[in-house]
Structures are given as C-alpha cells and as structure tokens.
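S.K.: Mind looking over this structure? Questions follow.
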Amino acid sequence: MAPSRKRLFNVIALAKGLAVTFSFMFRKKPTIQYPSVKKQHAPRFHGLHELRRYGDGKERCIGCELCSSACPANAITVVGAENAPADRRSPGERYAARYEIDELRCIFCGMCEEACPTDAIVLTPRFEMADYRRGAFIYAKDRLLVPPEAGLGRPPDERPGGIPEDLGRVADIKSTMDIATGYSATKRGEILKTQRKGLAG
Amino acid sequence: MNPWLIVLIKSAVLLLVVITSFAYAMLAERKVMGWMQMRPGPNRVGPWGLLQPAVDAVKLIMKEDLTPNTADPLIYRLAPFISLVTAFSVYAVIPFSEPAPGNLWAIGNVNAGILFVLALTSIGVYGISLGGWASGSKYPLLGSVRATAQMISYELSMSMSLIGVLILAGTTSLAGIVDAQHRLWFVIPQFVGFAVYLITAVAETNRAPFDLVEADAELVGGFNTEYSGLRFGLFFIAEYINMLTVSCIATLLFLGGWSPVAGLSIIPGVAWFVAKVALFMFVYVWLRSTFPRIRYDRLMAFGWKVLLPIAMLNLVVTAIVVAFTG
C-alpha cells in the first residue's frame, strides 16, 4: 500500500484530532476582555513619559538636552532657555522652554530616563495613547509636565528606597477617560497627593 | 380554510424560522469555533453576543454592491439568487414532526421527497458555478470549476449512500422513511451509508475540510471573491441553509427524524428533530475547526476511489440482504 493511501485510511489520526479540539472547548480561555478588564502589567513597564517637579513646584528639567542626545530614535526635542530671575521655572540656571517627544518615534527604551541628571524625565506605566491624528502623538510640555496639583511625578526606578509597591498599578482605573485626565486617578497619584499635602502643611 | 392560504402562511413562517436558524447557526459556529480555539467568540453585541447576526446583516446591507467591469452583469447578479432560492425551496418538503390528523408538520408531503431534495441541491451548484464564471475573474473561475467537479463527484456517492436507506424503507417519501424507522434507526443497519453521507454532505456544502470551492488561502475567496455586500451575504446564507438542509436530511434518513431517544415521548417531536439537526451542525463546526483543507487531487481521488466504491458496495449488500430476507 502506498504511503499516501495509508494516510488516507488513517481514521484513528482523524479521531485523535477531533478529540483534541473537543477537549479544548472546555479549557479556560486566556482572553482578557480589555477595555472592561485590564491586565496588571510589570512594575517597571515603560509607557508614556512624564516630566517631574520638585516639592516646591519647580520643574526638574534644566534643559541640558542629554535625553535628546541619548535617544536612539531621535524622538526628543529640547530647546533650553535662561531662567528669568523674577520667574524661575527650575532651580538651575536654565530650563526647558520647549520639550517635545514624538511618541510615534519613541521606542520606550528608557534611555532618556537613564541619561537625565536631575531625574526629570521618567517613563510612566500609562500606555493608552491611541488617537486618530498623527499630530496628537507629539507630546509637548503641556502634556508631559506633571500638573502642579497632581504631585511630583513618578520617581525613576533607580531611585534610592527601591520600587514603590503600588508602582504601575493601573488596575484601579475604571475607564479610559480616567487615564486621559491623568495620573491623578491612579492609586500612586493619590499617595503622592497626600504626601505633597504633608509637605505643604 | 383555503388550502392555498394555509400553504402561504406555512411558507412565511418557515422562511422566518429558516432565516433565524441560519443566523443563530452562524453565531453558534463562531462561538463553538472560538471555544475550540480557546477564545470566547463574539460577545460584544448584546448579551452573550446574541445580537451579532443582526449587526452582521446590517453591515452587509450597508456595503456597496459592486459588479466588476469584466463580469457578465445579468448572470453575475442572478447567481446568488439561484443558490438562495434552491436552498430555501428544499424546505417545502421537509417534515419537522409527526403529522397529526389534519395538521401536517410540513408545507407539502411529496411522495418523492428525497428525490426532490436531491434535485434541488443539484441545481444549487449552478448558483456557485455560474457566479464564479460570470465574475470575469480568474480566482472565481477556478473556484467554480472546482465546485462543478467536486459537487458532481460527491453527489454521486451521496445519492448512492441514500439509496440503501430507500431500499430499507421501501419509499421515497421523507415522512414514510421516518415511519419506517419506528423500530430501528437506519443509522444502525446503514452505518456505512451514514458515514459516506456525512462525508459527502460536508463536500456537498463546500465546508472545511472540503471547502476547495472557496479556499481562502489559495483562491482568495473562490467563487465569491468578486461579490460584495448583500449578494455576498446571499451566498453566505445559501451555504448555511444548505448545511441545515443536509443536517435535516441526515436526521430524517438516519436518526429517525422526530422519533424520541430512549422513549422520552414527553418532549415533542419537533424538539427532538431540532436537537438532532443541531448535533449535525455541531459536527460541521467541529470538523471545520479540526481538519486542514484537503488537497484538490486527494479530494477527487477520495471521492472516486474510496467513497464511491464503498457506497456502491453498501448499496449492493443492502439490496441482496433485503431481497433474501424480505
């Protein structure tokens, strides 16, 4: 009997295949119903950038452009400027007059975070940045800088004191709208808010 | 009451029932295939995805109805209706439950019922082969050539496998065949015929693993490549209704139609009929999610060199046994 003929009559193999698919019908499905259920990602997940502040509300960024030169994707544009004595934006001599990240070019490697001498630029775990317009992916200071009322921003991983336990926990977020309004919706944001209140008071 | 009016009402009701069962057969297929592939299947529209068929229908209706420049416009536009009308017409003779006095559970009780069904399903091939040919495009043409070859060769084995049942029942009326099974379902004496019928039915309705007519991987979409919108939808409906038809025939001829399992006659006959048809529909989905598409030459070799001899042998043995035992 030719091998092809043998295969043609191999009914047991067919039954085995059917048994496999039938048993798979009752397996637990690994699907995560994404918008309504969110997976908890790794604590050091690299997502959207954030520019941090000091406790007194001053910007950490001193406009040195080290992040821009460290960036392997050339996604960061920094234009520094001298601080005006009457209106100091940062504690140093200079501050970032323009700070733009093209999130479509960004490869989320975190080298900007490593390069930053003042721990100003960090990668947050936020990842839901979808938009219909390409232009919307160029994040300028208005969206990168932590709003003054939202705390200091998330510290980088290398920071002494280790990784905060609740870092990157977005599971509490109820809807994508909360992510759009910012970090304040996360548990971390709440803690930072209370910390800042203590600092002020 | 006017008998014509009764037939009209029955037809209207049956049309609705068949279309609804098509819609939910499709949803069930996507659900079951999803489970077999470890995903939940459609669950976004309505509770448990139950409104999915309605949404799909709206989507298909809203889409543009394209006719290629190279197509033969009349036949191209007519072909889906040939498929659909023949698919629907079969239900004129299918009995769904035991005929009560003055209450026939079918539109018509034709005494050559099974021949009528076979004739109509053969005409259904025209829809596919003409549609592919009239598209004026190479992939649909290949698909329709395959359809013609495949359906002719498998129809032969299919008819052969059914003749065994007809010999045992001594009638071609579908209700009569079910009545003849009151003691023993024909699946037991005719298990060879049943197996051949099951395989040929899959090939006859162009379903995986015998879906060479639409073979998405090699022929883009086969005969329906050029079709869009509602016309594509009509082919789709016809395919599923044909699946339901062959399931109904298998139920009537081999599984005793509406006769209850294990003497559970409290449950009405229609429920038994639907359950048995659903079982066959499940087998369809099961086969589709298990087996890869068979190669074209193997398909033809299998049809002519394996199925046809087996079906003929079965027929001869059945005839001899019946002739000697009465």
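Convention: chains lettered A, B, ... in structure tokens order; per-chain residue numbering from 1; ligands numbered from 1 as shown.
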Enumerate as a list in words the residues belonging to chain A that approach chain B to within 12 Å, with only C-alpha atoms taken into account.

M.R.: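 Output check: Ser4, Arg5, Arg7, Leu8, Phe9, Ala13, Leu14, Ala15, Lys16, Gly17, Leu18, Ala19, Val20, Thr21, Phe22, Ser23, Phe24, Met25, Phe26, Arg27, Lys28, Lys29, Pro30, Thr31, Ile32, Gln33, Tyr34, Pro35 and Ser36 of chain A.
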
S.K.: Give me a file of those residues, with C-alpha atoms, as a JSON list (two decimals), in the first residue's frame.

M.R.:
[["chain", "number", "residue", "atom", "x", "y", "z"],
["A", 4, "SER", "CA", -0.46, 8.26, 0.59],
["A", 5, "ARG", "CA", -3.10, 5.55, 0.56],
["A", 7, "ARG", "CA", -2.64, 8.14, 5.23],
["A", 8, "LEU", "CA", -5.99, 8.29, 3.50],
["A", 9, "PHE", "CA", -7.32, 5.46, 5.64],
["A", 13, "ALA", "CA", -5.49, 10.03, 13.45],
["A", 14, "LEU", "CA", -8.66, 11.88, 12.49],
["A", 15, "ALA", "CA", -10.34, 10.82, 15.73],
["A", 16, "LYS", "CA", -7.33, 12.00, 17.71],
["A", 17, "GLY", "CA", -7.55, 15.40, 16.08],
["A", 18, "LEU", "CA", -11.24, 15.64, 16.83],
["A", 19, "ALA", "CA", -10.62, 14.68, 20.46],
["A", 20, "VAL", "CA", -8.05, 17.47, 20.80],
["A", 21, "THR", "CA", -10.37, 20.18, 19.51],
["A", 22, "PHE", "CA", -13.25, 18.84, 21.60],
["A", 23, "SER", "CA", -11.20, 18.95, 24.79],
["A", 24, "PHE", "CA", -10.06, 22.47, 24.01],
["A", 25, "MET", "CA", -13.68, 23.57, 24.00],
["A", 26, "PHE", "CA", -13.77, 23.27, 27.80],
["A", 27, "ARG", "CA", -10.42, 24.86, 28.55],
["A", 28, "LYS", "CA", -10.18, 28.12, 30.40],
["A", 29, "LYS", "CA", -9.92, 30.96, 27.92],
["A", 30, "PRO", "CA", -6.89, 33.21, 28.33],
["A", 31, "THR", "CA", -8.75, 36.17, 26.82],
["A", 32, "ILE", "CA", -8.65, 39.42, 28.75],
["A", 33, "GLN", "CA", -11.77, 41.48, 27.95],
["A", 34, "TYR", "CA", -9.54, 44.50, 27.52],
["A", 35, "PRO", "CA", -11.44, 47.77, 27.87],
["A", 36, "SER", "CA", -13.51, 46.45, 30.77]]

S.K.: Could you state the separation of atom CA of B:Ala23 and atom CA of B:Pro209 in Å, given to one decimal place?

M.R.: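 Calculated distance between atom CA of B:Ala23 and atom CA of B:Pro209 is 22.0 Å.
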
S.K.: Which polymer residues have any atom within 9 Å of an atom of A:Gly80, counting only C-alpha atoms, with same-chain residues fewer than 5 positions away left out, as a ChimeraX atom specification?

M.R.: /A:62-65,94-99

S.K.: Take the residues from that selection and write them out as a JSON list (two decimals), in the first residue's frame, keeping N, CA and C atoms.

M.R.:
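In the end it all went to again20.json:
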[["chain", "number", "residue", "atom", "x", "y", "z"],
["A", 62, "ILE", "N", 16.37, 70.90, 33.42],
["A", 62, "ILE", "CA", 17.22, 72.08, 33.31],
["A", 62, "ILE", "C", 17.61, 72.35, 31.86],
["A", 63, "GLY", "N", 16.92, 71.67, 30.92],
["A", 63, "GLY", "CA", 17.14, 71.93, 29.50],
["A", 63, "GLY", "C", 18.52, 71.59, 29.01],
["A", 64, "CYS", "N", 19.16, 70.51, 29.54],
["A", 64, "CYS", "CA", 20.52, 70.17, 29.16],
["A", 64, "CYS", "C", 20.61, 69.38, 27.87],
["A", 65, "GLU", "N", 19.50, 68.83, 27.40],
["A", 65, "GLU", "CA", 19.41, 68.07, 26.14],
["A", 65, "GLU", "C", 20.14, 66.73, 26.17],
["A", 94, "ARG", "N", 19.18, 77.13, 33.81],
["A", 94, "ARG", "CA", 18.37, 77.05, 32.61],
["A", 94, "ARG", "C", 17.15, 76.16, 32.85],
["A", 95, "TYR", "N", 16.19, 76.27, 31.96],
["A", 95, "TYR", "CA", 15.04, 75.37, 31.99],
["A", 95, "TYR", "C", 14.69, 75.03, 30.55],
["A", 96, "ALA", "N", 13.78, 74.08, 30.36],
["A", 96, "ALA", "CA", 13.38, 73.68, 29.01],
["A", 96, "ALA", "C", 12.25, 74.58, 28.55],
["A", 97, "ALA", "N", 12.56, 75.44, 27.58],
["A", 97, "ALA", "CA", 11.50, 76.30, 27.04],
["A", 97, "ALA", "C", 10.54, 75.45, 26.20],
["A", 98, "ARG", "N", 11.15, 74.56, 25.41],
["A", 98, "ARG", "CA", 10.33, 73.60, 24.66],
["A", 98, "ARG", "C", 10.81, 72.21, 25.00],
["A", 99, "TYR", "N", 9.90, 71.29, 25.21],
["A", 99, "TYR", "CA", 10.28, 69.91, 25.44],
["A", 99, "TYR", "C", 9.24, 69.06, 24.73]]

S.K.: Near B:Val145, counting only C-alpha atoms, which residues have an atom at most 10 Å away, once you skip same-chain residues fewer than 5 positions from it, shown as a PyMOL selection string?

M.R.: chain B and resi 128-130+132-133+139-140+150+213+222-223

S.K.: I want to know what sits within 12 Å of stretch 48-57 of chain B, based on only C-alpha atoms, with residues of the same chain fewer than 4 positions away left out; could you give that as a list in words?

M.R.: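 Once the adjacent positions are removed, what remains is Ile19, Thr20, Ser21, Phe22, Ala23, Tyr24, Ala25, Met26, Leu27, Ala28, Glu29, Arg30, Lys31, Pro40, Gly41, Pro42, Asn43, Arg44, Ile61, Met62, Lys63, Gly229, Leu230, Arg231, Phe232, Gly233, Leu234, Phe236 and Ile237 of chain B.
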
S.K.: Mind dumping the selected residues with C-alpha atoms as a PDB file, in the first residue's frame?

M.R.:
ATOM      1  CA  ILE B  19     -33.554  32.538   8.291  1.00  0.00           C
ATOM      2  CA  THR B  20     -33.428  32.809  12.069  1.00  0.00           C
ATOM      3  CA  SER B  21     -31.885  29.394  12.427  1.00  0.00           C
ATOM      4  CA  PHE B  22     -29.322  30.378   9.777  1.00  0.00           C
ATOM      5  CA  ALA B  23     -28.452  33.496  11.775  1.00  0.00           C
ATOM      6  CA  TYR B  24     -28.009  31.601  15.007  1.00  0.00           C
ATOM      7  CA  ALA B  25     -26.274  28.675  13.336  1.00  0.00           C
ATOM      8  CA  MET B  26     -23.682  31.185  12.197  1.00  0.00           C
ATOM      9  CA  LEU B  27     -23.364  32.687  15.660  1.00  0.00           C
ATOM     10  CA  ALA B  28     -23.147  29.213  17.199  1.00  0.00           C
ATOM     11  CA  GLU B  29     -20.448  28.272  14.719  1.00  0.00           C
ATOM     12  CA  ARG B  30     -18.373  31.317  15.604  1.00  0.00           C
ATOM     13  CA  LYS B  31     -18.903  30.665  19.305  1.00  0.00           C
ATOM     14  CA  PRO B  40     -14.699  33.481  23.813  1.00  0.00           C
ATOM     15  CA  GLY B  41     -16.091  34.170  20.331  1.00  0.00           C
ATOM     16  CA  PRO B  42     -18.332  37.134  19.520  1.00  0.00           C
ATOM     17  CA  ASN B  43     -19.579  38.677  22.769  1.00  0.00           C
ATOM     18  CA  ARG B  44     -19.626  42.427  22.167  1.00  0.00           C
ATOM     19  CA  ILE B  61     -26.745  45.593   3.585  1.00  0.00           C
ATOM     20  CA  MET B  62     -24.922  48.883   4.052  1.00  0.00           C
ATOM     21  CA  LYS B  63     -21.955  47.795   1.943  1.00  0.00           C
ATOM     22  CA  GLY B 229     -22.444  43.449   0.207  1.00  0.00           C
ATOM     23  CA  LEU B 230     -25.816  41.796   0.108  1.00  0.00           C
ATOM     24  CA  ARG B 231     -25.023  39.486  -2.812  1.00  0.00           C
ATOM     25  CA  PHE B 232     -22.113  38.011  -0.879  1.00  0.00           C
ATOM     26  CA  GLY B 233     -24.483  37.725   2.052  1.00  0.00           C
ATOM     27  CA  LEU B 234     -26.943  35.744  -0.059  1.00  0.00           C
ATOM     28  CA  PHE B 236     -23.378  33.034   2.707  1.00  0.00           C
ATOM     29  CA  ILE B 237     -26.996  32.438   3.707  1.00  0.00           C
TER      30      ILE B 237
END

S.K.: Hey, what's within 12 Å of B:Val317 if we count only C-alpha atoms and toss same-chain stuff fewer than 3 positions away? As a list in words, please?

M.R.: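 Those residues are Ser161, Ile163, Gly164, Ile167, Leu168, Pro189, Gln190, Val192, Gly193, Ile310, Ala311, Met312, Leu313, Asn314, Ile320, Val321, Val322, Ala323 and Phe324 of chain B.
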
S.K.: Name the residues of stretch 34-78 of chain A that fall into strand (DSSP E) according to DSSP on the backbone, using the chain letters and numbers of this document, as a ChimeraX atom specification.

M.R.: /A:49-51,76-78

S.K.: Go ahead and write the residues just picked, N, CA and C atoms, as a short mmCIF file (atom, residue, chain, number, x, y, z; two decimals), in the first residue's frame.

M.R.:
data_model
loop_
_atom_site.label_atom_id
_atom_site.label_comp_id
_atom_site.auth_asym_id
_atom_site.auth_seq_id
_atom_site.Cartn_x
_atom_site.Cartn_y
_atom_site.Cartn_z
N HIS A 49 5.84 59.14 28.72
CA HIS A 49 6.79 59.92 29.52
C HIS A 49 6.09 60.90 30.44
N GLU A 50 6.88 61.40 31.39
CA GLU A 50 6.36 62.40 32.31
C GLU A 50 7.54 63.27 32.76
N LEU A 51 7.31 64.55 32.84
CA LEU A 51 8.34 65.47 33.35
C LEU A 51 7.99 65.80 34.80
N ILE A 76 13.23 63.01 20.86
CA ILE A 76 13.10 64.11 21.83
C ILE A 76 13.70 65.39 21.26
N THR A 77 12.95 66.46 21.40
CA THR A 77 13.44 67.79 21.02
C THR A 77 13.43 68.66 22.27
N VAL A 78 14.58 69.21 22.63
CA VAL A 78 14.63 70.10 23.80
C VAL A 78 15.24 71.43 23.36
#

S.K.: I'd like the contact shell of B:Ser97 - 7 Å cut-off, only C-alpha atoms, skipping same-chain residues fewer than 2 positions apart - returned as a PDB file with C-alpha atoms, in the first residue's frame.

M.R.:
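Result file part-v5.pdb:
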ATOM      1  CA  PRO B  95     -41.367  17.300   7.622  1.00  0.00           C
ATOM      2  CA  PRO B  99     -48.212  14.502  11.095  1.00  0.00           C
ATOM      3  CA  TRP B 105     -45.775  19.476  10.068  1.00  0.00           C
ATOM      4  CA  TRP B 258     -38.658  13.308  15.189  1.00  0.00           C
ATOM      5  CA  GLY B 269     -41.116  15.586  18.185  1.00  0.00           C
ATOM      6  CA  VAL B 270     -40.048  18.991  16.868  1.00  0.00           C
TER       7      VAL B 270
END

S.K.: Please, what distance in Å, to one decimal, runs between atom CA of B:Ala278 and atom CA of B:Val187?

M.R.: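 One can read the atom CA of B:Ala278 to atom CA of B:Val187 distance as 16.9 Å.
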
S.K.: Find the residue from A:Leu152, A:Val11, A:Ala130, A:Ala75 that sits nearest to A:Glu59; use only C-alpha atoms when measuring.

M.R.: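 Nearest to A:Glu59: A:Leu152.
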
S.K.: I'd like to know which of B:Met243, B:Ile114, B:Leu308, B:Ala201 is closest to B:Leu174, using only C-alpha atoms.

M.R.: B:Ile114
